[in-house]
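What follows is a single structure, written as structure tokens, with notes after it.
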Amino acid sequence: GSPVIWEGRIYLLCANEETGQRTAVGLDAKTGRIFWQQAFKADKHKHHKNNSFASSTPAVDESGVYFSWGTPDNLSLTAISHAGKLIWKKDLGAVKGGHGFGASPIIYKNLLILNNDQDGDSSLIALDKNNGKIAWETPRKSKRLTYSTPITYTAPDREEELIFTNWTHGITGVNPSNGKVNWENSVFNQSSKERAIGSPIIAGNLVIGSCGFVTKLKHIVALRPKGKLMEEAWRIEKSVPHIPTPLLIGKNLFLWNDQGIVTCVETETGKTKWSERAVRSGKFFSSPVAANGIIYCIDSNGKMIVMRGDGKFEILAENDLDQRCNATPAIADNVMYIRTYTELIAIAK
């Protein structure tokens, strides 16, 4: 999971791979000093070799910070104040999926939203962030544990919606006030098992979602509004990411795939401008980020690739941290925070 920053403080979820214990941690953004940590007992269990017990990114606002983690017995959501005091903890039942948990919550107004698509009983869940009570729960017919994080979207002449991606359901627009499904487009291949891992993004009026399987076809699909529904605008199924989330800069969409091939496409049409290998070797589980028109993406061995983000392909630098890293960097106040498996690193301007 990645770090999140709120008013000079950093929050992240840690875990002990030997015992299963999860630990929520708060740090000072200027010094890195840990000013509180809360430990929670949790079962040790099987997960994918590239997953961990702390693969969820917290959500944060002025009221506190919200953590999620899952075991075969319990899906836990926890709210902690900025001072480190436990506000509430909610257990939402079992998590079914051999690869282990990895979904991250988001905050929408007074709600905490979580994609609870699993191999078994599934749902989309909204909790009151103040007390942890379930505000609504929308049943799903998901057949695969899903890791993509929902986002908000407002089409012209429509109310704001929540966007979810999932292999079985495709791309779904949900009313955030009651969980009602406004529309749903089944746009992913149903003939073989796939998984939604990278998160959807919004580009103007377009909703862009991804899905696929490691050794099979992968898809990036863009939808545009058509009345109260959505229609497919374009799709790409060559050299697209399975795990990293697409990155939008201006009119260009950057697709950084798991093997380090980067494709720059025209966002409105999906037309490919170029596709180049950014690195000779390495796998990418984190997503690219950008600041001041420069793209940064770190591979699983800790090599940070720095690339132009103006639509022209050029590698500007390679910086090797020599530490395992699957988390997406966070950028705030001219500082980049990189979370590796053993350290949190702050790199200033």
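Residues are referred to by chain and number: the chain letter is A, B, ... according to the order shown in the structure tokens, the number counts from 1 in that chain, and ligands are numbered separately from 1 in the order shown.
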
Residues of segment 253-334 of chain A within 8 Å of segment 240-246 of chain A: nearest atom pair and distance (Å, one decimal) for each, counting only C-alpha atoms, sorted by chain and number, as CSV?
```
residue,atom,partner,partner_atom,distance
A:Leu253,CA,A:Pro246,CA,6.9
A:Phe254,CA,A:Pro246,CA,5.9
A:Leu255,CA,A:Pro246,CA,5.1
A:Trp256,CA,A:Pro241,CA,5.9
A:Asn257,CA,A:Pro241,CA,3.7
A:Asp258,CA,A:Pro241,CA,5.6
A:Thr263,CA,A:Val240,CA,7.6
A:Phe284,CA,A:Pro244,CA,7.1
A:Phe285,CA,A:Ile243,CA,5.8
A:Ser286,CA,A:Pro244,CA,5.7
A:Ser287,CA,A:Pro244,CA,4.3
A:Pro288,CA,A:Pro244,CA,7.2
```

- Message: If we count only C-alpha atoms and set the cut-off at 6 Å, which residues sit around Ser148 of chain A, ignoring sequence neighbours fewer than 4 positions away in its own chain? Please answer as a PyMOL selection string.
- Response: chain A and resi 196-199

Create the file for the chosen residues now, containing N, CA, C and O atoms and written as a PDB file, in the first residue's frame.
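Heads up, here's the output in part.pdb:
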```pdb
ATOM      1  N   ALA A 196      -9.569  -7.290 -12.356  1.00  0.00           N
ATOM      2  CA  ALA A 196      -9.366  -5.837 -12.377  1.00  0.00           C
ATOM      3  C   ALA A 196      -8.455  -5.461 -11.210  1.00  0.00           C
ATOM      4  O   ALA A 196      -8.795  -5.701 -10.051  1.00  0.00           O
ATOM      5  N   ILE A 197      -7.289  -4.899 -11.528  1.00  0.00           N
ATOM      6  CA  ILE A 197      -6.312  -4.527 -10.505  1.00  0.00           C
ATOM      7  C   ILE A 197      -6.039  -3.026 -10.552  1.00  0.00           C
ATOM      8  O   ILE A 197      -6.207  -2.319  -9.569  1.00  0.00           O
ATOM      9  N   GLY A 198      -5.609  -2.519 -11.711  1.00  0.00           N
ATOM     10  CA  GLY A 198      -5.429  -1.080 -11.865  1.00  0.00           C
ATOM     11  C   GLY A 198      -6.757  -0.359 -11.710  1.00  0.00           C
ATOM     12  O   GLY A 198      -7.831  -0.904 -12.008  1.00  0.00           O
ATOM     13  N   SER A 199      -6.707   0.878 -11.231  1.00  0.00           N
ATOM     14  CA  SER A 199      -7.935   1.625 -10.947  1.00  0.00           C
ATOM     15  C   SER A 199      -8.435   2.375 -12.178  1.00  0.00           C
ATOM     16  O   SER A 199      -7.657   2.722 -13.058  1.00  0.00           O
TER      17      SER A 199
END
```

Each residue of segment 86-112 of chain A lying at most 12 Å from segment 4-13 of chain A should get a row with its shortest atom-to-atom pair and the distance in Å to one decimal, counting only C-alpha atoms; could you produce that, ordered by chain and increasing number, as JSON lines?
```
{"residue": "A:Gly102", "atom": "CA", "partner": "A:Leu13", "partner_atom": "CA", "distance": 11.6}
{"residue": "A:Ser104", "atom": "CA", "partner": "A:Leu13", "partner_atom": "CA", "distance": 11.0}
{"residue": "A:Ile106", "atom": "CA", "partner": "A:Val4", "partner_atom": "CA", "distance": 11.7}
```

Can you pull out every residue within 8 Å of segment 297-307 of chain A, counting only C-alpha atoms, but drop anything in the same chain fewer than 5 positions away, and send it as a short mmCIF file (atom, residue, chain, number, x, y, z; two decimals) with C-alpha atoms, in the first residue's frame?
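The resulting result.cif:
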```
data_model
loop_
_atom_site.label_atom_id
_atom_site.label_comp_id
_atom_site.auth_asym_id
_atom_site.auth_seq_id
_atom_site.Cartn_x
_atom_site.Cartn_y
_atom_site.Cartn_z
CA ALA A 278 11.31 2.27 -20.69
CA VAL A 279 13.58 -0.28 -19.03
CA GLY A 282 12.15 -5.32 -14.25
CA LYS A 283 8.49 -5.72 -13.32
CA PHE A 284 6.13 -2.93 -12.33
CA PHE A 285 3.48 -3.28 -9.65
CA SER A 286 3.34 0.41 -8.72
CA SER A 287 1.63 3.00 -10.91
CA PRO A 288 3.29 5.96 -12.63
CA VAL A 289 2.90 9.43 -11.09
CA PHE A 313 9.61 9.64 -25.44
CA GLU A 314 12.82 10.23 -23.48
CA ILE A 315 14.22 8.59 -20.34
CA LEU A 316 15.71 11.36 -18.19
CA ALA A 317 17.18 9.28 -15.35
CA GLU A 318 17.30 5.92 -13.60
CA ASN A 319 17.75 5.96 -9.82
CA ASP A 320 18.27 2.65 -8.04
CA LEU A 321 17.05 2.38 -4.42
CA ASP A 322 18.08 -1.29 -4.34
CA GLN A 323 15.04 -2.21 -2.23
CA ARG A 324 11.90 -4.16 -3.05
CA CYS A 325 9.08 -1.76 -3.88
CA ASN A 326 5.53 -2.45 -5.04
CA THR A 328 3.07 3.89 -5.83
CA THR A 340 9.67 0.30 0.06
#
```

- Restricting the calculation to only C-alpha atoms, which member of A:Leu162, A:Ala155, A:Leu77, A:Ile236 is positioned closest to Asn205 of chain A?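 Result for the nearest residue to Asn205 of chain A: A:Ala155.
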
List every residue of segment 114-313 of chain A that DSSP, applied to the backbone of this structure, places in strand (DSSP E), and write the result as a compact mmCIF listing (two decimals) with C-alpha atoms, in the first residue's frame.
```txt
# COMPACT_ATOMS: atom_id res chain seq x y z
CA LEU A 114 -14.98 0.02 -0.53
CA ASN A 115 -14.98 -2.34 -3.51
CA ASN A 116 -15.72 -5.72 -1.89
CA SER A 122 -19.49 -9.81 -3.11
CA SER A 123 -20.80 -6.29 -2.69
CA LEU A 124 -20.06 -2.61 -2.96
CA ILE A 125 -20.09 -1.12 0.55
CA ALA A 126 -20.56 2.37 1.97
CA LEU A 127 -20.04 3.03 5.69
CA ASP A 128 -20.70 6.17 7.71
CA ILE A 134 -23.25 0.47 6.98
CA ALA A 135 -25.02 3.19 4.97
CA TRP A 136 -25.74 0.93 1.98
CA GLU A 137 -24.55 -2.33 0.46
CA THR A 138 -25.06 -3.27 -3.18
CA PRO A 139 -24.93 -7.04 -3.92
CA ARG A 140 -22.65 -8.15 -6.76
CA ILE A 151 -13.37 6.98 -8.19
CA THR A 152 -15.97 9.72 -8.63
CA TYR A 153 -17.29 10.93 -11.99
CA GLU A 161 -21.42 8.90 -9.59
CA LEU A 162 -19.03 6.31 -8.18
CA ILE A 163 -17.15 4.27 -10.80
CA PHE A 164 -16.13 0.64 -10.16
CA THR A 165 -14.29 -1.82 -12.39
CA ASN A 166 -14.55 -5.60 -12.15
CA GLY A 170 -17.24 -4.52 -16.35
CA ILE A 171 -17.45 -0.79 -15.63
CA THR A 172 -20.27 0.33 -13.33
CA GLY A 173 -21.71 3.73 -12.39
CA VAL A 174 -23.33 3.85 -8.93
CA VAL A 181 -26.59 1.03 -10.08
CA ASN A 182 -27.16 3.78 -12.67
CA TRP A 183 -25.55 1.92 -15.56
CA GLU A 184 -23.22 -0.98 -16.23
CA ASN A 185 -21.19 -1.93 -19.32
CA ILE A 201 -9.51 7.07 -14.23
CA ILE A 202 -11.49 10.01 -15.62
CA ALA A 203 -10.33 11.96 -18.70
CA LEU A 206 -14.40 9.63 -20.61
CA VAL A 207 -14.37 6.83 -18.05
CA ILE A 208 -11.34 4.59 -18.62
CA GLY A 209 -11.04 1.15 -17.01
CA SER A 210 -8.71 -1.83 -17.30
CA CYS A 211 -8.81 -5.59 -16.74
CA GLY A 212 -6.92 -8.70 -17.82
CA LYS A 218 -5.48 -7.32 -21.24
CA HIS A 219 -7.82 -4.43 -21.99
CA ILE A 220 -8.05 -0.66 -21.59
CA VAL A 221 -11.59 0.48 -22.41
CA ALA A 222 -12.92 4.05 -22.61
CA LEU A 223 -16.62 4.86 -22.21
CA ARG A 224 -18.37 8.14 -23.02
CA PRO A 225 -21.83 9.39 -22.00
CA LYS A 226 -24.81 8.59 -24.22
CA LEU A 229 -26.04 5.46 -20.19
CA MET A 230 -22.49 5.01 -21.49
CA GLU A 231 -21.12 3.72 -24.80
CA GLU A 232 -17.70 2.39 -25.74
CA ALA A 233 -15.50 5.08 -27.28
CA TRP A 234 -12.38 2.98 -27.88
CA ARG A 235 -10.33 0.08 -26.56
CA ILE A 236 -6.66 -0.97 -26.60
CA LEU A 247 -1.67 8.12 -16.12
CA LEU A 248 -3.31 11.17 -17.73
CA ILE A 249 -1.25 14.29 -18.50
CA ASN A 252 -2.03 12.26 -23.47
CA LEU A 253 -2.69 8.97 -21.72
CA PHE A 254 0.35 6.96 -20.64
CA LEU A 255 -0.06 3.19 -20.33
CA TRP A 256 2.87 1.79 -18.35
CA ILE A 261 6.69 -0.94 -22.03
CA VAL A 262 5.14 2.53 -22.10
CA THR A 263 2.50 3.47 -24.66
CA CYS A 264 1.41 7.07 -25.22
CA VAL A 265 -2.07 7.42 -26.70
CA GLU A 266 -4.32 10.29 -27.69
CA THR A 272 -1.37 5.22 -30.30
CA LYS A 273 1.34 7.88 -30.68
CA TRP A 274 4.23 5.64 -29.69
CA SER A 275 5.09 2.54 -27.70
CA GLU A 276 8.60 2.17 -26.25
CA ARG A 277 10.42 0.07 -23.67
CA VAL A 289 2.90 9.43 -11.09
CA ALA A 290 3.74 12.87 -12.45
CA ALA A 291 4.92 16.25 -11.16
CA ILE A 294 7.78 14.64 -15.45
CA ILE A 295 6.74 10.99 -15.06
CA TYR A 296 8.10 8.73 -12.32
CA CYS A 297 7.57 4.98 -12.03
CA ILE A 298 9.41 2.53 -9.79
CA LYS A 303 14.64 1.25 -9.71
CA MET A 304 12.95 4.61 -10.30
CA ILE A 305 12.52 5.47 -13.99
CA VAL A 306 12.18 9.19 -14.75
CA MET A 307 10.62 10.07 -18.11
CA ARG A 308 9.39 13.06 -20.10
```

- For Ser142 of chain A, which residue among A:Asp73, A:Glu268, A:Asp157, A:Asp117 is the nearest when counting only C-alpha atoms?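 For Ser142 of chain A, the nearest of the given residues is A:Asp117.
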